[in-house]
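Before any comments, here is the structure.
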Amino acid sequence: MRVGLVHAASNAVGVAFYGVSFAARARGRFARGRLWGLAGLAAVSVGGAVGGHMAFRQASGANHAEHVAELLGDGWHPLGDLADFPVGAPVRGRLGEVPVIVVHESSGTVRVLADRCSHMGGPLSEGEVTDGCIRCPWHGSTFRLSDGWNTAGPATAAQPAFAIRITGTLIEARLQHLSDKVPPTAAASGEEDGW
């Protein structure tokens, strides 16, 4: 956030300098206007460099998990047997080519999120589960297990979440889109998220 503040401030200063340059030129003071214009160029150059640092080095606003929908598509995919996922511990699984984190909660509910953190691609399956959230071990981004929403950390995008269904002992999952909502009857009857 400090880097973002420097980025915003330098761009604001650059715009102010350009405004002063325009006013000076409008009054016929072209030499002074050029100097203010150069000062504005210097300020926005600093802002651009800091913005590039944020985008490429700090990955601010990046989403390293958005490719999941392209790789997986719609439909249900087999994840594994319920017994393969111990209660309370995050376990890495796979849905086709997509690595996922599976958390079998003590209530019996199974939560599934994409394993690569949306911030920098960290392995969420190596993270810590607390208060219904998973914390990325790399930079501390925290995501709700129920819907993938980021609650803390440098990540700015939600983590892809999956709706699940259990047939016998087989767990199947499909990508849960943000537009999916839990019907009131499903919530009342205790059915899984989104279905």
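By convention here, the chains of the structure tokens are called A, B, ... in the order presented, each chain's residues are numbered starting at 1, and ligands are numbered starting at 1 in the order presented.
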
- Can you list every residue in chain A that DSSP puts in helix (DSSP H, G or I), as JSON, numbers by chain? {"A": [2, 3, 4, 5, 6, 7, 8, 9, 10, 11, 12, 13, 14, 15, 16, 17, 18, 19, 20, 21, 22, 23, 24, 25, 26, 30, 31, 32, 33, 34, 35, 36, 37, 38, 39, 40, 41, 42, 43, 44, 45, 46, 47, 48, 49, 50, 51, 52, 53, 54, 55, 56, 57, 68, 69, 70, 71, 72, 82, 83, 84, 124, 125, 126, 184, 185, 186, 187, 188, 189]}

- Item | Contacts of Gly168 (chain A) within 12 Å, only C-alpha atoms, excl. fewer than 4 positions in-chain, as a PyMOL selection string | chain A and resi 80-83+172

- Task: Find, counting only C-alpha atoms, the residue in A:Ser146, A:Thr169, A:Ser45, A:Ser10 that gets nearest to Leu113 (chain A).
- Result: A:Ser146

- Message: Please report the interatomic distance between CA of Ala16 (chain A) and CA of Leu35 (chain A) in Å with one decimal.
- Response: 13.1 Å
